[in-house]
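Quick look at structure30.csv (CSV, N, CA and C atoms):
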chain,number,residue,atom,x,y,z
A,1,MET,N,124.5,-29.4,108.3
A,1,MET,CA,123.7,-29.3,109.5
A,1,MET,C,122.5,-28.5,109.3
A,2,SER,N,122.6,-27.3,108.6
A,2,SER,CA,121.4,-26.5,108.5
A,2,SER,C,120.4,-27.1,107.5
A,3,LEU,N,120.9,-27.8,106.5
A,3,LEU,CA,120.0,-28.5,105.5
A,3,LEU,C,119.2,-29.6,106.2
A,4,ALA,N,119.8,-30.2,107.2
A,4,ALA,CA,119.1,-31.3,107.9
A,4,ALA,C,117.9,-30.7,108.7
A,5,LEU,N,117.9,-29.4,109.0
A,5,LEU,CA,116.8,-28.8,109.7
A,5,LEU,C,115.9,-28.1,108.7
A,6,LEU,N,116.4,-27.5,107.7
A,6,LEU,CA,115.6,-26.7,106.8
A,6,LEU,C,114.7,-27.5,105.9
A,7,ILE,N,115.2,-28.6,105.4
A,7,ILE,CA,114.4,-29.4,104.4
A,7,ILE,C,113.2,-30.0,105.1
A,8,PRO,N,113.3,-30.7,106.3
A,8,PRO,CA,112.1,-31.2,106.9
A,8,PRO,C,111.2,-30.1,107.3
A,9,LEU,N,111.7,-28.9,107.7
A,9,LEU,CA,110.9,-27.8,108.1
A,9,LEU,C,110.1,-27.3,106.9
A,10,SER,N,110.7,-27.2,105.8
A,10,SER,CA,110.0,-26.7,104.6
A,10,SER,C,108.9,-27.7,104.1
A,11,ILE,N,109.2,-29.0,104.3
A,11,ILE,CA,108.2,-30.0,103.9
A,11,ILE,C,107.1,-29.9,104.9
A,12,LEU,N,107.3,-29.8,106.2
A,12,LEU,CA,106.3,-29.6,107.1
A,12,LEU,C,105.4,-28.4,106.9
A,13,MET,N,106.0,-27.3,106.5
A,13,MET,CA,105.3,-26.1,106.3
A,13,MET,C,104.4,-26.3,105.0
A,14,GLY,N,104.9,-26.9,104.0
A,14,GLY,CA,104.1,-27.2,102.8
A,14,GLY,C,103.0,-28.1,103.1
A,15,LEU,N,103.1,-29.1,103.9
A,15,LEU,CA,102.0,-30.0,104.3
A,15,LEU,C,101.0,-29.3,105.1
A,16,VAL,N,101.4,-28.3,106.0
A,16,VAL,CA,100.4,-27.5,106.7
A,16,VAL,C,99.6,-26.7,105.8
A,17,ALA,N,100.3,-26.0,104.8
A,17,ALA,CA,99.6,-25.2,103.8
A,17,ALA,C,98.6,-26.0,103.0
A,18,LEU,N,99.0,-27.2,102.6
A,18,LEU,CA,98.2,-28.1,101.8
A,18,LEU,C,97.0,-28.5,102.6
A,19,GLY,N,97.2,-28.8,103.9
A,19,GLY,CA,96.1,-29.2,104.8
A,19,GLY,C,95.1,-28.1,105.0
A,20,ALA,N,95.6,-26.8,105.1
A,20,ALA,CA,94.7,-25.7,105.2
A,20,ALA,C,93.9,-25.4,104.0
A,21,PHE,N,94.5,-25.7,102.8
A,21,PHE,CA,93.8,-25.6,101.6
A,21,PHE,C,92.7,-26.6,101.5
A,22,PHE,N,92.9,-27.8,101.8
A,22,PHE,CA,91.9,-28.9,101.7
A,22,PHE,C,90.8,-28.6,102.8
A,23,TRP,N,91.2,-28.1,103.9
A,23,TRP,CA,90.2,-27.7,105.0
A,23,TRP,C,89.3,-26.7,104.5
A,24,ALA,N,89.8,-25.7,103.8
A,24,ALA,CA,89.0,-24.6,103.2
A,24,ALA,C,88.1,-25.1,102.1
A,25,MET,N,88.6,-26.0,101.3
A,25,MET,CA,87.8,-26.6,100.3
A,25,MET,C,86.6,-27.4,100.9
A,26,ARG,N,86.9,-28.2,101.9
A,26,ARG,CA,85.9,-29.0,102.5
A,26,ARG,C,84.8,-28.1,103.2
A,27,GLY,N,85.2,-27.0,103.7
A,27,GLY,CA,84.4,-26.0,104.4
A,27,GLY,C,83.6,-25.1,103.5
A,28,ASP,N,83.6,-25.4,102.2
A,28,ASP,CA,82.9,-24.6,101.1
A,28,ASP,C,83.3,-23.1,101.1
A,29,GLN,N,84.6,-22.8,101.3
A,29,GLN,CA,85.0,-21.5,101.3
A,29,GLN,C,85.1,-20.9,99.9
A,30,PHE,N,85.1,-21.7,98.9
A,30,PHE,CA,85.2,-21.3,97.5
A,30,PHE,C,84.0,-21.6,96.7
A,31,ASP,N,82.8,-21.5,97.3
A,31,ASP,CA,81.6,-21.8,96.6
A,31,ASP,C,81.2,-20.7,95.6
A,32,ASP,N,81.3,-19.5,96.0
A,32,ASP,CA,80.8,-18.4,95.2
A,32,ASP,C,81.9,-17.3,95.0
A,33,PRO,N,82.9,-17.6,94.2
A,33,PRO,CA,84.0,-16.6,94.0
A,33,PRO,C,83.6,-15.4,93.3
A,34,GLU,N,82.5,-15.4,92.5
A,34,GLU,CA,82.1,-14.3,91.7
A,34,GLU,C,81.2,-13.4,92.5
A,35,GLY,N,80.5,-13.9,93.5
A,35,GLY,CA,79.5,-13.1,94.3
A,35,GLY,C,80.1,-12.0,95.0
A,36,ALA,N,81.3,-12.2,95.7
A,36,ALA,CA,81.9,-11.2,96.5
A,36,ALA,C,82.4,-10.1,95.6
A,37,ALA,N,82.9,-10.4,94.4
A,37,ALA,CA,83.3,-9.4,93.4
A,37,ALA,C,82.2,-8.5,93.0
A,38,TRP,N,81.0,-9.1,92.8
A,38,TRP,CA,79.9,-8.3,92.3
A,38,TRP,C,79.3,-7.5,93.5
A,39,ARG,N,79.3,-8.0,94.7
A,39,ARG,CA,78.8,-7.2,95.9
A,39,ARG,C,79.6,-6.0,96.1
A,40,VAL,N,80.9,-6.0,95.8
A,40,VAL,CA,81.7,-4.8,96.0
A,40,VAL,C,81.3,-3.7,95.0
A,41,LEU,N,80.8,-4.1,93.9
A,41,LEU,CA,80.4,-3.1,92.8
A,41,LEU,C,79.0,-2.6,93.0
A,42,ASP,N,78.2,-3.2,93.9
A,42,ASP,CA,76.8,-2.9,94.1
A,42,ASP,C,76.7,-1.5,94.7
A,43,GLN,N,75.8,-0.7,94.2
A,43,GLN,CA,75.7,0.7,94.6
A,43,GLN,C,74.9,0.9,95.9
A,44,LYS,N,74.1,-0.1,96.2
A,44,LYS,CA,73.2,0.0,97.4
A,44,LYS,C,74.0,-0.1,98.7
A,45,ASP,N,73.6,0.6,99.7
A,45,ASP,CA,74.2,0.6,101.0
A,45,ASP,C,73.3,-0.3,101.9
A,46,PRO,N,73.7,-1.5,102.2
A,46,PRO,CA,72.9,-2.4,103.0
A,46,PRO,C,72.6,-1.9,104.4
A,47,MET,N,73.5,-1.1,105.0
A,47,MET,CA,73.3,-0.6,106.3
A,47,MET,C,72.2,0.4,106.4
A,48,GLU,N,72.0,1.2,105.4
A,48,GLU,CA,70.9,2.2,105.3
A,48,GLU,C,69.6,1.6,104.9
A,49,GLU,N,69.7,0.5,104.2
A,49,GLU,CA,68.5,-0.2,103.7
A,49,GLU,C,67.6,-0.8,104.8
A,50,ASP,N,68.3,-1.6,105.6
A,50,ASP,CA,67.5,-2.4,106.6
A,50,ASP,C,67.4,-1.7,107.9
A,51,GLY,N,68.2,-0.7,108.2
A,51,GLY,CA,68.2,0.0,109.4
A,51,GLY,C,68.9,-0.7,110.6
A,52,HIS,N,69.5,-1.8,110.3
A,52,HIS,CA,70.2,-2.5,111.3
A,52,HIS,C,71.7,-2.4,111.2
A,53,GLY,N,72.2,-1.3,110.6
A,53,GLY,CA,73.6,-1.1,110.5
A,53,GLY,C,74.3,-0.6,111.8
A,54,LEU,N,75.6,-0.3,111.7
A,54,LEU,CA,76.3,0.2,112.8
A,54,LEU,C,76.2,1.7,112.9
A,55,ARG,N,75.9,2.3,111.8
A,55,ARG,CA,75.8,3.8,111.9
A,55,ARG,C,74.5,4.2,112.5
A,56,PRO,N,74.5,5.3,113.3
A,56,PRO,CA,73.2,5.8,113.8
A,56,PRO,C,72.3,6.3,112.7
A,57,ALA,N,71.0,6.3,112.9
A,57,ALA,CA,70.1,6.8,112.0
A,57,ALA,C,70.2,8.3,112.0
A,58,PRO,N,69.9,8.9,110.8
A,58,PRO,CA,70.0,10.4,110.7
A,58,PRO,C,69.0,11.0,111.6
A,59,GLU,N,69.4,12.1,112.4
A,59,GLU,CA,68.5,12.7,113.3
A,59,GLU,C,67.6,13.8,112.6
A,60,SER,N,66.4,13.9,113.0
A,60,SER,CA,65.6,14.9,112.4
A,60,SER,C,65.9,16.3,113.1
A,61,PRO,N,65.8,17.3,112.3
A,61,PRO,CA,66.1,18.7,112.8
A,61,PRO,C,65.1,19.1,113.9
A,62,ASP,N,65.6,19.7,114.9
A,62,ASP,CA,64.7,20.2,116.0
A,62,ASP,C,64.0,21.5,115.5
A,63,ASP,N,62.8,21.7,115.9
A,63,ASP,CA,62.1,23.0,115.5
A,63,ASP,C,61.9,23.9,116.7

Entire entry expressed as structure tokens:
Amino acid sequence: MSLALLIPLSILMGLVALGAFFWAMRGDQFDDPEGAAWRVLDQKDPMEEDGHGLRPAPESPDD
């Protein structure tokens, strides 16, 4: 009885996973796998560079 439920359920889950993989492939999710790895190693802080980051700008000392 349980195999009659588990086998179709596992096939359905496999097909859903395969569909998600093909959907990601069609959506160009795997275009640049090396770029993200190199961006992690980049020493520049993009939030401080362009001034549009989420952190507030450093305040100047009051005289």

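The space separating atom CA of A:Trp23 from atom CA of A:Pro8 comes to 22.3 Å.
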
Separating atom CA of A:Phe30 from atom CA of A:Met13, to the nearest tenth of an Å, is a gap of 22.5 Å

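Interatomic distance, atom CA of A:Phe22 to atom CA of A:Ser10: 18.5 Å.
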